[in-house]
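Notes to accompany the following structure.
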Amino acid sequence: MTTSRRKFIKISALGVGGLATASAAYNMFGTTSFLNTFSAPNNSKALKRTATYCEVCFWKCAAWAYSDGEGHIQKIIGNDDDPHCNGRLCPRGTGGVGMYNDEDRLKTPLIRTTINGEQTFREASWDEALNVVASKLKTIKDNHGAESIALLKHGCPGWHFEHLFRAFGSDTTAEPAFAQCRGPRETAFALTFGSWVGSPEPTDIRDTKCLVLIGSHIGENMHNSQVQEMSDAIDNGATIITVDPRFSTAASKSQHWLAIKPATDIALLLSWMHVLIEEELYDKAYVEKYVYGFDELKAHVREFTPEWAYGITTIKPEEIRKTARAMAHAAPAVIVHPGRHVVWYGDDTQRERAIAILNGLLGSWGRRGGFYLKDSIAIPDFPHPEYPKPKWDWRDIGENYPLAQMGLTNEIIKASIPSENAKYPVKAWMVAGTNLIKSIPDTIQLQKALEALEFLVVVDTMPMDITGYADVILPECTYLERTDIVRSATNREPSIAVRFAAVPPKYQTKPGAWIAKEIGMRLGLEAYYQYDDFDEVVNWQLKEMGTSREEMEKIGVKKYPRQSGSLYLNEDEVHHFGTASGKIEFYSHELKDLGFDPMPKYTPHPEPPQGFYRLNYGRSPMHTFSRTSNNPNLTDLKKENDLWVNPKVARIIGLKTGQRVWLKNQDDIISTFSIKVRVTERVRWDSVYMVHGFGNDNKKLTRSYGKGIDDTQMISRVFTDPIMGGTGMRGNYVSIVTENPHKNEAI
Amino acid sequence: MQEELFTSGRNIPNIDPSLQIWHWPISLYLFLGGLAAGILFFAALFYILNKEKTYPTAVKIISVVPPIALSLGLLALVYDLNHKLYTWQLYTTFRIESPMSWGAWVLLIVTPLSFIWTFSYYREVYPGLESKLKLFQKFKFLNTFEHFIIKNRRHIAYALIPLALILGVYTGILLSAFNARPLWNNAILGPLFLTSGLSTGAAAIILLSKNTAERHLFGKIDLALIVIELALIAHMLMGYYAGSQVQLEAMQLLVGGDFTVMFFGFVVILGLIVPAVLELMELKGYKVPVIVPAMLVLIGGLIFRFVMVEAGQLTRFLY
Amino acid sequence: MRYAMVIDTLKCVGCSDCVVACQTENNVPIGYCRDWITETVDGTYPNIVLELKSERCNHCDNAPCVRCCPTGASHIVEGGIVLVTANECIGCGACIESCPYDARYQHPDGYVDKCTFCHHRLQKGQLPACVSVCPTKCMYFGDLDNPNSEVSQLLKNRKHKTLAPEAGTNPHVFYLI
Ligand SMILES: Nc1nc2c(c(=O)[nH]1)N[C@H]1C(S)=C(S)[C@@H](COP(=O)(O)OP(=O)(O)OC[C@H]3O[C@@H](n4cnc5c(=O)[nH]c(N)nc54)[C@H](O)[C@@H]3O)O[C@H]1N2
Ligand SMILES: Nc1nc2c(c(=O)[nH]1)N[C@H]1C(S)=C(S)[C@@H](COP(=O)(O)OP(=O)(O)OC[C@H]3O[C@@H](n4cnc5c(=O)[nH]c(N)nc54)[C@H](O)[C@@H]3O)O[C@H]1N2
Ligand code: SF4
Ligand code: SF4
Ligand code: SF4
Ligand code: SF4
Ligand code: SF4
Ligand SMILES: [Mo]
């Protein structure tokens, strides 16, 4: 085994008991008392309605939690006034009650200890755990500087700890939502339109006449208002074009499904541009008025005929022409969707540039039915002294990727592996609300970093994989049990939403805001915490924004008038884009100057060798990554992922639906667990497909332990985007193992 | 390729197993009900035909079986109810379209009648037992009661004949009324279960009878019943063949599926054909221990109920 | 008044929100469901048709479950809604066997349970829980006796089907195709 200093502890190993059972009085499942109490139509019961917003994914839909205010949450229903959800949550949001009811939750602070030479966790009081964290952070700051302590975070808890870190003197921060997710498109759209796409995407889907989805699998990707608006678009008779090697749900709703060969999208995008320009179908007035570099583009795409693209993408030339014309016909009410999880093959910024340029040719940016001009309102900062300036921060760590606009998780991980003359050595991490083991590819590198860290504190709600590596685990309560930051949404019109505690925290859990402040106080950062309770901050902010806690408790969501002018480009004025030239840049000098292609090019990518299949992955509409994998309501819908296999492949290997198999990837990594085969025509013969987020390796997760395979485990080869550092993850291949490879291992 | 699957909800463990809601007690109950119906039918019939003396087993001796069978059957039925505390709700109403309701009410009438029938022969058939228990000495009113019943035996017998037939048919109709289960949904099941019940009744009589003439008569009756039963089974299978897709699929379970061995091996061959041949041989004068065909018929009848209840629940319209 | 549900398969994405929403609204215990989603895939890559359907009790006009119920626990109320009265139900299972849609299940407490069309919500003037959460708004609910209702209009103007019509139950959940 490894000579690791920090061994992975499956939390089940420890002698939990005392504290946990003391507070586990409320056991909802499997007991008849639950059934007797709640099975009769209880809807007559007077339930309290608390304003909240959902934390089951990052769409943050505003909602009402119906509870008895004590220990029972009956249901969560969308807020009608919220533009993210229009009163309808997605299944994960509706099943959010399960996050609260999950009896496998983290219940008390835990501290790593060694008993009889075995590393394990012991329960600790909050005071003890917080003291350990504060003193460790202080020591590391004294020895290496606050900069050497990194914050890896995602979602709402991130905000509280970011404030703590910046007050403490560290801005060594990153989240998987950039380098493992949206990064390439934000960089590409910033380069092209001078504006991020951002979240929620400003796609005017409800009014579109043509929606083009490049891999973006809306309908399985349940980002709520997008799904809703796609349905509106279907009602309105919009043309949907889906480009996906897999027959996605969206593809099944499309007039045109282009079953593209994986990794060849740029060729298709270039030939679409070719058709639009050759057939003069592009928006000439728009291009004339707003575009920089059209002539260069025209020359660039001249050779990229549909016939050329056919040889690469396997999509028939007439199909390419037909779809290009359909887009032009609908323009400018057309959306070539930027997608969201877009770190695929390492040339992702360029693919996203191609998408952006295509939208530019169609004149869809700033037009009804295309991309609207988003707006939002700023939440005032509760007064605090200025943050100290760190000597270096996430920008410096990511300096090899000049166009990274946020911290790069993978670069921080690299900087945490000790080396001779490290410029930016990272010594300790705080991880809040991200399950790095599942979200970051190349787990071997991650493992090395984890083992080398001097200190790791994890703030989570569940005993997810990452907690097994922690020195201290701090159990946060779920979003339903805490007052949290005011949500300011970017949308057609600005709005804010609030989250108040629907029920008090269960077990010994605490809100992130409280945890961050307690650590801050112990670090002598009182100046940054001039309040007793985070509720005070929220109350103050609401007042500053012309509303009040009382009002927000009643309405949950408040809309504000737009500040930035009209929703679409004003045709009588000349809009200035945020790019260097003030125009939409088809040709990018910025890229050229940094040594990159100024216009996107198609480069071939390797293909799976004999006996291997490309590992494709995506979303299940009923789950969010790994965070819902143990949720009682949602596991009830889907317990584990399955491996989609084309019938041709099944015939060759001799696979049957329901059979359990293991996977072995190109680097000989064998999956820990097995997965059930689903033989289906919905997947191409050169790839296999599975939903991300399963295969938990912690027995404490009683519903999800050992269920399905973790795709991340199979993603050991990463294609890093040289422009912004995104981790391309779709170039991994697996072979299918039908005999249990772990048969002879001791468990 | 065609693929049909549950995306959610129905692929979870508690749902489809809970559709398989009838378990062994129901099969047992159907068997015992049929058996009791058969015995009561013959008892009443031969009583009315004034053959009480010639066929004492059929009329008198075996009369202890139906009350026990019906009581056990009822127990099994209630055991398989899942909301037992509310069982009384069965008797707050009569639902003319519900076979269950028919069954509940018929049982409510037949079971006491069967007890009364037994009681009327109690002192005659089991004098030894009574001399130990001395019930009639302890409870004086029993004497008047017995007297009253014996006087009215004929009336009871007249009532028992249709009631036994209804009970026998009902055990089949309980299943065949379910349009939703293609294996059950055919008109043959009522007569088939009745025939089978009569046949098991006859077999039981043969088993208990010490009288050669009686055994021979019931051997012949049973033989005839088995022939009818085989014809009805053939008819049922042909009905499936001529039926819709779902019925064809349902038949596959019996003809070329999980239940084929059980059905053809145990029910048709061991439970019907072999005993028929043995009974025929016995009639032709070969020495066959009567217990063998009788037991085979009884066991075959029980397995038949199991097969039909279990397999039927696997057949459905959708999915 | 004749209630009916109309579900547009061209919009349903099979997300199962209707299933969880029913579970939380109606306290359906974990491990059970009143509604569920089926997926049918037909064809050969890349010529494939996919149909997703949210299914539940069809509140049949000719309901075998009601006919076979020995106690009257299963009954039909105003608007054609088929209901089960829990404390009249003996849990005999006859109705489960009788339903061609397998829409009923045995509640762990013993009685038989199934979709109620959210009768308790209708009485308050609300839509059924599943209809009210569906993110694609592909579910419609209303009165078929009213020719102007959304459901009547949809059935008038769009191609539709019901499940297993050959079972002769006259189901009242319709699928737009
Ligand atoms: N192989 C593979 N890797 C991927 C992806 C993929 O598709 N395949 N997707 C990528 C994308 S697009 C993204 S955005 C990332 C997402 O990556 P993550 O954000 O890491 O994803 P989750 O699995 O949701 O992890 C969230 C963690 O937060 C915890 N948590 C949930 N609620 C709370 C809370 O209220 N407070 C605290 N403190 N913790 C909470 C959960 O228990 C869980 O441990 O993953 C990326 N990585
Ligand atoms: N239910 C649910 N919804 C979610 C999330 C969740 O966890 N659960 N996560 C949210 C987050 S953070 C994100 S980032 C988004 C991600 O949502 P998307 O951006 O839609 O996700 P992707 O993973 O990029 O897309 C997956 C699809 O890409 C296809 N694909 C694979 N390779 C190729 C290729 O070479 N070319 C093309 N054209 N297509 C290809 C796959 O077959 C699959 O259908 O989802 C969001 N929505
Ligand atoms: S999209 Fe779904 S999971 Fe995400 S915030 Fe909205 S309701 Fe919650
Ligand atoms: S909620 Fe709507 S879209 Fe989702 S599965 Fe149910 S019917 Fe389909
Ligand atoms: S669907 Fe089944 S349970 Fe519902 S009314 Fe029809 S037969 Fe009865
Ligand atoms: S299980 Fe209940 S509702 Fe169903 S038939 Fe029996 S008594 Fe009626
Ligand atoms: S109508 Fe109500 S009870 Fe029926 S499936 Fe929908 S939510 Fe469940
Ligand atoms: Mo993401």
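By convention here, the chains of the structure tokens are called A, B, ... in the order presented, each chain's residues are numbered starting at 1, and ligands are numbered starting at 1 in the order presented.
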May I have the residues within 8 Å of ligand 4, computed using only C-alpha atoms and all ligand atoms, as an NGL selection string?
(:A and (90-91)) or (:C and (7-9 or 11-19 or 37 or 52-54 or 130-131 or 133-139))
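Every residue having at least one atom no farther than 8 Å from ligand 3 is included below, with only C-alpha atoms and all ligand atoms taken into account: A:Tyr53, A:Cys54, A:Glu55, A:Val56, A:Cys57, A:Phe58, A:Trp59, A:Lys60, A:Cys61, A:Ala62, A:Gly78, A:His84, A:Cys85, A:Arg88, A:Leu89, A:Cys90, A:Pro91, A:Arg92, A:Gly93, A:Thr94, A:Gly96, A:Met222, A:His223, A:Asn224, A:Ser225, A:Thr624.
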Would you save the residues of that selection, restricted to N, CA and C atoms, as an mmCIF file, in the first residue's frame?
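Output (out_14.cif):
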data_model
loop_
_atom_site.group_PDB
_atom_site.id
_atom_site.type_symbol
_atom_site.label_atom_id
_atom_site.label_comp_id
_atom_site.auth_asym_id
_atom_site.auth_seq_id
_atom_site.Cartn_x
_atom_site.Cartn_y
_atom_site.Cartn_z
ATOM 1 N N TYR A 53 -34.301 28.967 -1.072
ATOM 2 C CA TYR A 53 -33.982 28.617 -2.456
ATOM 3 C C TYR A 53 -33.186 27.335 -2.447
ATOM 4 N N CYS A 54 -33.340 26.596 -3.511
ATOM 5 C CA CYS A 54 -32.865 25.227 -3.565
ATOM 6 C C CYS A 54 -31.348 25.174 -3.675
ATOM 7 N N GLU A 55 -30.766 24.178 -2.999
ATOM 8 C CA GLU A 55 -29.310 23.997 -3.072
ATOM 9 C C GLU A 55 -28.998 22.601 -3.611
ATOM 10 N N VAL A 56 -29.973 22.011 -4.277
ATOM 11 C CA VAL A 56 -29.675 20.676 -4.791
ATOM 12 C C VAL A 56 -28.886 20.781 -6.095
ATOM 13 N N CYS A 57 -29.005 21.922 -6.785
ATOM 14 C CA CYS A 57 -28.010 22.188 -7.812
ATOM 15 C C CYS A 57 -27.762 23.688 -7.837
ATOM 16 N N PHE A 58 -27.063 24.171 -8.813
ATOM 17 C CA PHE A 58 -26.610 25.559 -8.750
ATOM 18 C C PHE A 58 -27.514 26.508 -9.510
ATOM 19 N N TRP A 59 -28.692 26.031 -9.865
ATOM 20 C CA TRP A 59 -29.671 26.898 -10.509
ATOM 21 C C TRP A 59 -30.367 27.760 -9.454
ATOM 22 N N LYS A 60 -30.383 27.246 -8.226
ATOM 23 C CA LYS A 60 -30.869 28.009 -7.058
ATOM 24 C C LYS A 60 -32.304 28.507 -7.207
ATOM 25 N N CYS A 61 -33.200 27.610 -7.511
ATOM 26 C CA CYS A 61 -34.599 27.993 -7.657
ATOM 27 C C CYS A 61 -35.192 28.418 -6.309
ATOM 28 N N ALA A 62 -35.940 29.490 -6.337
ATOM 29 C CA ALA A 62 -36.593 29.947 -5.110
ATOM 30 C C ALA A 62 -37.814 29.076 -4.837
ATOM 31 N N GLY A 78 -42.029 25.202 -5.645
ATOM 32 C CA GLY A 78 -41.411 26.365 -6.280
ATOM 33 C C GLY A 78 -42.163 27.657 -6.010
ATOM 34 N N HIS A 84 -36.304 31.579 -12.084
ATOM 35 C CA HIS A 84 -35.538 30.334 -12.236
ATOM 36 C C HIS A 84 -36.448 29.116 -12.282
ATOM 37 N N CYS A 85 -37.636 29.251 -11.725
ATOM 38 C CA CYS A 85 -38.454 28.037 -11.622
ATOM 39 C C CYS A 85 -39.926 28.255 -11.957
ATOM 40 N N ARG A 88 -42.283 25.907 -10.365
ATOM 41 C CA ARG A 88 -42.131 24.459 -10.573
ATOM 42 C C ARG A 88 -40.680 24.063 -10.352
ATOM 43 N N LEU A 89 -40.433 23.284 -9.314
ATOM 44 C CA LEU A 89 -39.080 22.794 -9.099
ATOM 45 C C LEU A 89 -38.832 21.593 -9.994
ATOM 46 N N CYS A 90 -37.590 21.241 -10.121
ATOM 47 C CA CYS A 90 -37.274 20.013 -10.850
ATOM 48 C C CYS A 90 -37.331 18.849 -9.850
ATOM 49 N N PRO A 91 -37.232 17.606 -10.304
ATOM 50 C CA PRO A 91 -37.387 16.476 -9.369
ATOM 51 C C PRO A 91 -36.419 16.540 -8.200
ATOM 52 N N ARG A 92 -35.230 17.049 -8.472
ATOM 53 C CA ARG A 92 -34.236 17.089 -7.392
ATOM 54 C C ARG A 92 -34.640 18.108 -6.342
ATOM 55 N N GLY A 93 -35.185 19.216 -6.801
ATOM 56 C CA GLY A 93 -35.639 20.234 -5.863
ATOM 57 C C GLY A 93 -36.832 19.741 -5.059
ATOM 58 N N THR A 94 -37.756 19.072 -5.727
ATOM 59 C CA THR A 94 -38.917 18.517 -5.032
ATOM 60 C C THR A 94 -38.451 17.461 -4.031
ATOM 61 N N GLY A 96 -35.775 17.537 -2.462
ATOM 62 C CA GLY A 96 -34.843 18.158 -1.511
ATOM 63 C C GLY A 96 -35.119 17.776 -0.065
ATOM 64 N N MET A 222 -31.224 19.038 -15.969
ATOM 65 C CA MET A 222 -32.529 19.574 -15.558
ATOM 66 C C MET A 222 -32.466 21.025 -15.128
ATOM 67 N N HIS A 223 -31.519 21.790 -15.606
ATOM 68 C CA HIS A 223 -31.522 23.192 -15.193
ATOM 69 C C HIS A 223 -32.885 23.774 -15.551
ATOM 70 N N ASN A 224 -33.555 24.138 -14.503
ATOM 71 C CA ASN A 224 -35.006 24.212 -14.499
ATOM 72 C C ASN A 224 -35.640 25.098 -15.569
ATOM 73 N N SER A 225 -35.377 26.402 -15.535
ATOM 74 C CA SER A 225 -36.126 27.253 -16.461
ATOM 75 C C SER A 225 -35.755 26.953 -17.914
ATOM 76 N N THR A 624 -28.217 15.089 -8.885
ATOM 77 C CA THR A 624 -27.185 16.095 -9.103
ATOM 78 C C THR A 624 -25.856 15.490 -8.701
#
Restrict the calculation to only C-alpha atoms, then for each residue of chain B with any atom at most 9 Å from an atom of chain C give the closest atom pair and their distance in Å to one decimal, rows by chain and rising residue number, as JSON lines.
{"residue": "B:Met1", "atom": "CA", "partner": "C:Gly43", "partner_atom": "CA", "distance": 5.7}
{"residue": "B:Gln2", "atom": "CA", "partner": "C:Asp42", "partner_atom": "CA", "distance": 4.7}
{"residue": "B:Glu3", "atom": "CA", "partner": "C:Val41", "partner_atom": "CA", "distance": 5.0}
{"residue": "B:Glu4", "atom": "CA", "partner": "C:Thr40", "partner_atom": "CA", "distance": 4.5}
{"residue": "B:Leu5", "atom": "CA", "partner": "C:Glu39", "partner_atom": "CA", "distance": 5.3}
{"residue": "B:Phe6", "atom": "CA", "partner": "C:Thr38", "partner_atom": "CA", "distance": 4.4}
{"residue": "B:Thr7", "atom": "CA", "partner": "C:Ile37", "partner_atom": "CA", "distance": 5.2}
{"residue": "B:Ser8", "atom": "CA", "partner": "C:Ile37", "partner_atom": "CA", "distance": 5.4}
{"residue": "B:Gly9", "atom": "CA", "partner": "C:Trp36", "partner_atom": "CA", "distance": 4.5}
{"residue": "B:Arg10", "atom": "CA", "partner": "C:Trp36", "partner_atom": "CA", "distance": 5.9}
{"residue": "B:Asn11", "atom": "CA", "partner": "C:Trp36", "partner_atom": "CA", "distance": 8.9}
{"residue": "B:Ile12", "atom": "CA", "partner": "C:Gly31", "partner_atom": "CA", "distance": 6.3}
{"residue": "B:Pro13", "atom": "CA", "partner": "C:Gly31", "partner_atom": "CA", "distance": 6.8}
{"residue": "B:Asn14", "atom": "CA", "partner": "C:Gly31", "partner_atom": "CA", "distance": 5.6}
{"residue": "B:Ile15", "atom": "CA", "partner": "C:Tyr32", "partner_atom": "CA", "distance": 5.8}
{"residue": "B:Asp16", "atom": "CA", "partner": "C:Tyr105", "partner_atom": "CA", "distance": 8.3}
{"residue": "B:Ser18", "atom": "CA", "partner": "C:Gln106", "partner_atom": "CA", "distance": 6.0}
{"residue": "B:Leu19", "atom": "CA", "partner": "C:Tyr105", "partner_atom": "CA", "distance": 6.2}
{"residue": "B:Gln20", "atom": "CA", "partner": "C:Glu97", "partner_atom": "CA", "distance": 8.2}
{"residue": "B:Ile21", "atom": "CA", "partner": "C:Gly93", "partner_atom": "CA", "distance": 6.0}
{"residue": "B:Trp22", "atom": "CA", "partner": "C:Gly93", "partner_atom": "CA", "distance": 7.1}
{"residue": "B:Leu77", "atom": "CA", "partner": "C:Cys92", "partner_atom": "CA", "distance": 8.4}
{"residue": "B:Val78", "atom": "CA", "partner": "C:Cys92", "partner_atom": "CA", "distance": 8.4}
{"residue": "B:Asp80", "atom": "CA", "partner": "C:Cys92", "partner_atom": "CA", "distance": 7.2}
{"residue": "B:Leu81", "atom": "CA", "partner": "C:Cys92", "partner_atom": "CA", "distance": 4.8}
{"residue": "B:Asn82", "atom": "CA", "partner": "C:Gly91", "partner_atom": "CA", "distance": 4.4}
{"residue": "B:His83", "atom": "CA", "partner": "C:Gly110", "partner_atom": "CA", "distance": 4.5}
{"residue": "B:Lys84", "atom": "CA", "partner": "C:Ile90", "partner_atom": "CA", "distance": 6.0}
{"residue": "B:Leu85", "atom": "CA", "partner": "C:Ile90", "partner_atom": "CA", "distance": 7.5}
{"residue": "B:Tyr86", "atom": "CA", "partner": "C:Ile90", "partner_atom": "CA", "distance": 5.2}
{"residue": "B:Thr87", "atom": "CA", "partner": "C:Ile90", "partner_atom": "CA", "distance": 5.3}
{"residue": "B:Trp88", "atom": "CA", "partner": "C:Ile90", "partner_atom": "CA", "distance": 8.2}
{"residue": "B:Gln89", "atom": "CA", "partner": "C:Thr71", "partner_atom": "CA", "distance": 5.7}
{"residue": "B:Leu90", "atom": "CA", "partner": "C:Thr71", "partner_atom": "CA", "distance": 5.1}
{"residue": "B:Tyr91", "atom": "CA", "partner": "C:Thr71", "partner_atom": "CA", "distance": 7.6}
{"residue": "B:Thr92", "atom": "CA", "partner": "C:Thr71", "partner_atom": "CA", "distance": 7.2}
{"residue": "B:Thr93", "atom": "CA", "partner": "C:Thr71", "partner_atom": "CA", "distance": 6.2}
{"residue": "B:Phe94", "atom": "CA", "partner": "C:Pro70", "partner_atom": "CA", "distance": 7.1}
{"residue": "B:Arg95", "atom": "CA", "partner": "C:Pro70", "partner_atom": "CA", "distance": 5.8}
{"residue": "B:Ile96", "atom": "CA", "partner": "C:Arg67", "partner_atom": "CA", "distance": 8.5}
{"residue": "B:Glu97", "atom": "CA", "partner": "C:Arg67", "partner_atom": "CA", "distance": 5.4}
{"residue": "B:Ser98", "atom": "CA", "partner": "C:Cys68", "partner_atom": "CA", "distance": 4.0}
{"residue": "B:Pro99", "atom": "CA", "partner": "C:Cys68", "partner_atom": "CA", "distance": 6.5}
{"residue": "B:Met100", "atom": "CA", "partner": "C:Pro70", "partner_atom": "CA", "distance": 5.4}
{"residue": "B:Ser101", "atom": "CA", "partner": "C:Pro70", "partner_atom": "CA", "distance": 4.3}
{"residue": "B:Trp102", "atom": "CA", "partner": "C:Pro70", "partner_atom": "CA", "distance": 8.0}
{"residue": "B:Ala104", "atom": "CA", "partner": "C:Pro70", "partner_atom": "CA", "distance": 8.2}
{"residue": "B:Leu174", "atom": "CA", "partner": "C:Ala94", "partner_atom": "CA", "distance": 8.7}
{"residue": "B:Leu175", "atom": "CA", "partner": "C:Glu97", "partner_atom": "CA", "distance": 8.8}
{"residue": "B:Ala177", "atom": "CA", "partner": "C:Ser98", "partner_atom": "CA", "distance": 8.0}
{"residue": "B:Phe178", "atom": "CA", "partner": "C:Ser98", "partner_atom": "CA", "distance": 5.0}
{"residue": "B:Asn179", "atom": "CA", "partner": "C:Ser98", "partner_atom": "CA", "distance": 6.5}
{"residue": "B:Ala180", "atom": "CA", "partner": "C:Pro100", "partner_atom": "CA", "distance": 4.2}
{"residue": "B:Arg181", "atom": "CA", "partner": "C:Glu97", "partner_atom": "CA", "distance": 7.0}
{"residue": "B:Gln313", "atom": "CA", "partner": "C:Glu97", "partner_atom": "CA", "distance": 7.2}
{"residue": "B:Arg316", "atom": "CA", "partner": "C:Pro100", "partner_atom": "CA", "distance": 6.5}
{"residue": "B:Phe317", "atom": "CA", "partner": "C:Pro100", "partner_atom": "CA", "distance": 5.7}
{"residue": "B:Leu318", "atom": "CA", "partner": "C:Tyr101", "partner_atom": "CA", "distance": 6.5}
{"residue": "B:Tyr319", "atom": "CA", "partner": "C:Tyr101", "partner_atom": "CA", "distance": 8.9}
For chain A, which residues have at least one atom within 7 Å of chain C, if we go by only C-alpha atoms? Write them as JSON, numbers by chain, please.
{"A": [38, 39, 41, 74, 75, 88, 89, 90, 91, 94, 95, 219, 227, 228, 231, 249, 252, 253, 259, 621, 622, 633, 636, 681, 682]}
How would the residues just picked look written out with N, CA and C atoms as a compact mmCIF listing (two decimals), in the first residue's frame?
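Writing the result to again.txt gives the following:
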# COMPACT_ATOMS: atom_id res chain seq x y z
N PHE A 38 -47.87 9.82 9.39
CA PHE A 38 -47.93 10.67 8.21
C PHE A 38 -48.66 10.07 7.02
N SER A 39 -49.11 8.85 7.14
CA SER A 39 -49.64 8.25 5.93
C SER A 39 -51.06 8.69 5.63
N PRO A 41 -53.92 11.15 4.78
CA PRO A 41 -53.80 12.45 4.12
C PRO A 41 -53.69 13.53 5.18
N GLN A 74 -42.69 18.71 5.07
CA GLN A 74 -43.62 17.93 4.27
C GLN A 74 -43.25 17.97 2.80
N LYS A 75 -43.05 19.17 2.28
CA LYS A 75 -42.79 19.28 0.85
C LYS A 75 -42.13 20.62 0.55
N ARG A 88 -42.28 25.91 -10.37
CA ARG A 88 -42.13 24.46 -10.57
C ARG A 88 -40.68 24.06 -10.35
N LEU A 89 -40.43 23.28 -9.31
CA LEU A 89 -39.08 22.79 -9.10
C LEU A 89 -38.83 21.59 -9.99
N CYS A 90 -37.59 21.24 -10.12
CA CYS A 90 -37.27 20.01 -10.85
C CYS A 90 -37.33 18.85 -9.85
N PRO A 91 -37.23 17.61 -10.30
CA PRO A 91 -37.39 16.48 -9.37
C PRO A 91 -36.42 16.54 -8.20
N THR A 94 -37.76 19.07 -5.73
CA THR A 94 -38.92 18.52 -5.03
C THR A 94 -38.45 17.46 -4.03
N GLY A 95 -37.44 16.70 -4.42
CA GLY A 95 -36.91 15.66 -3.54
C GLY A 95 -35.91 16.21 -2.52
N GLY A 219 -33.14 18.45 -20.43
CA GLY A 219 -34.16 17.41 -20.25
C GLY A 219 -33.58 16.30 -19.40
N VAL A 227 -35.30 23.92 -19.09
CA VAL A 227 -36.17 22.79 -19.44
C VAL A 227 -37.58 23.31 -19.71
N GLN A 228 -38.03 24.19 -18.85
CA GLN A 228 -39.38 24.74 -19.01
C GLN A 228 -39.50 25.49 -20.33
N SER A 231 -39.68 23.39 -23.39
CA SER A 231 -41.02 22.87 -23.57
C SER A 231 -41.93 23.93 -24.21
N THR A 249 -32.48 12.61 -24.57
CA THR A 249 -33.90 12.93 -24.49
C THR A 249 -34.20 14.13 -25.39
N SER A 252 -34.61 13.24 -28.86
CA SER A 252 -35.90 12.62 -29.18
C SER A 252 -36.99 13.67 -29.38
N LYS A 253 -36.74 14.89 -28.96
CA LYS A 253 -37.72 15.96 -29.13
C LYS A 253 -37.36 16.82 -30.35
N ALA A 259 -26.43 12.70 -35.43
CA ALA A 259 -25.73 11.69 -34.62
C ALA A 259 -24.24 11.77 -34.93
N PRO A 621 -31.80 13.09 -14.88
CA PRO A 621 -32.65 14.19 -14.42
C PRO A 621 -32.99 14.10 -12.93
N MET A 622 -32.86 12.92 -12.35
CA MET A 622 -33.24 12.75 -10.95
C MET A 622 -32.09 12.96 -9.97
N ASN A 633 -35.44 10.07 -1.21
CA ASN A 633 -36.49 10.25 -2.21
C ASN A 633 -35.95 10.03 -3.61
N ASP A 636 -34.92 6.54 -4.57
CA ASP A 636 -36.15 5.80 -4.83
C ASP A 636 -36.49 5.85 -6.32
N GLU A 681 -30.31 1.05 -28.12
CA GLU A 681 -29.96 1.70 -29.38
C GLU A 681 -29.62 3.17 -29.19
N ARG A 682 -29.84 3.67 -28.00
CA ARG A 682 -29.66 5.11 -27.79
C ARG A 682 -28.19 5.52 -27.74
Can you tell me which residues surround B:Gly219 at a distance of at most 8 Å, considering only C-alpha atoms, apart from same-chain residues fewer than 4 positions away, and format the answer as a PyMOL selection string?
chain B and resi 202-203+206+215+223+279+283
File dump, residues just selected, N, CA and C atoms, as a compact mmCIF listing (two decimals), in the first residue's frame:
# COMPACT_ATOMS: atom_id res chain seq x y z
N ALA B 202 -64.14 -36.59 -4.63
CA ALA B 202 -64.29 -38.03 -4.88
C ALA B 202 -63.06 -38.79 -4.41
N ALA B 203 -61.89 -38.20 -4.69
CA ALA B 203 -60.65 -38.87 -4.29
C ALA B 203 -60.58 -39.00 -2.78
N ILE B 206 -62.72 -41.81 -1.73
CA ILE B 206 -62.07 -43.10 -2.01
C ILE B 206 -61.05 -43.41 -0.92
N ARG B 215 -65.88 -47.47 -3.17
CA ARG B 215 -64.64 -47.08 -3.81
C ARG B 215 -64.76 -47.20 -5.31
N LEU B 223 -62.98 -40.94 -12.42
CA LEU B 223 -62.46 -41.15 -13.77
C LEU B 223 -63.20 -40.24 -14.75
N GLU B 279 -56.93 -45.76 -12.00
CA GLU B 279 -58.32 -46.03 -11.64
C GLU B 279 -58.98 -46.96 -12.66
N LEU B 283 -60.58 -50.59 -12.04
CA LEU B 283 -61.91 -50.99 -12.46
C LEU B 283 -61.86 -52.25 -13.29
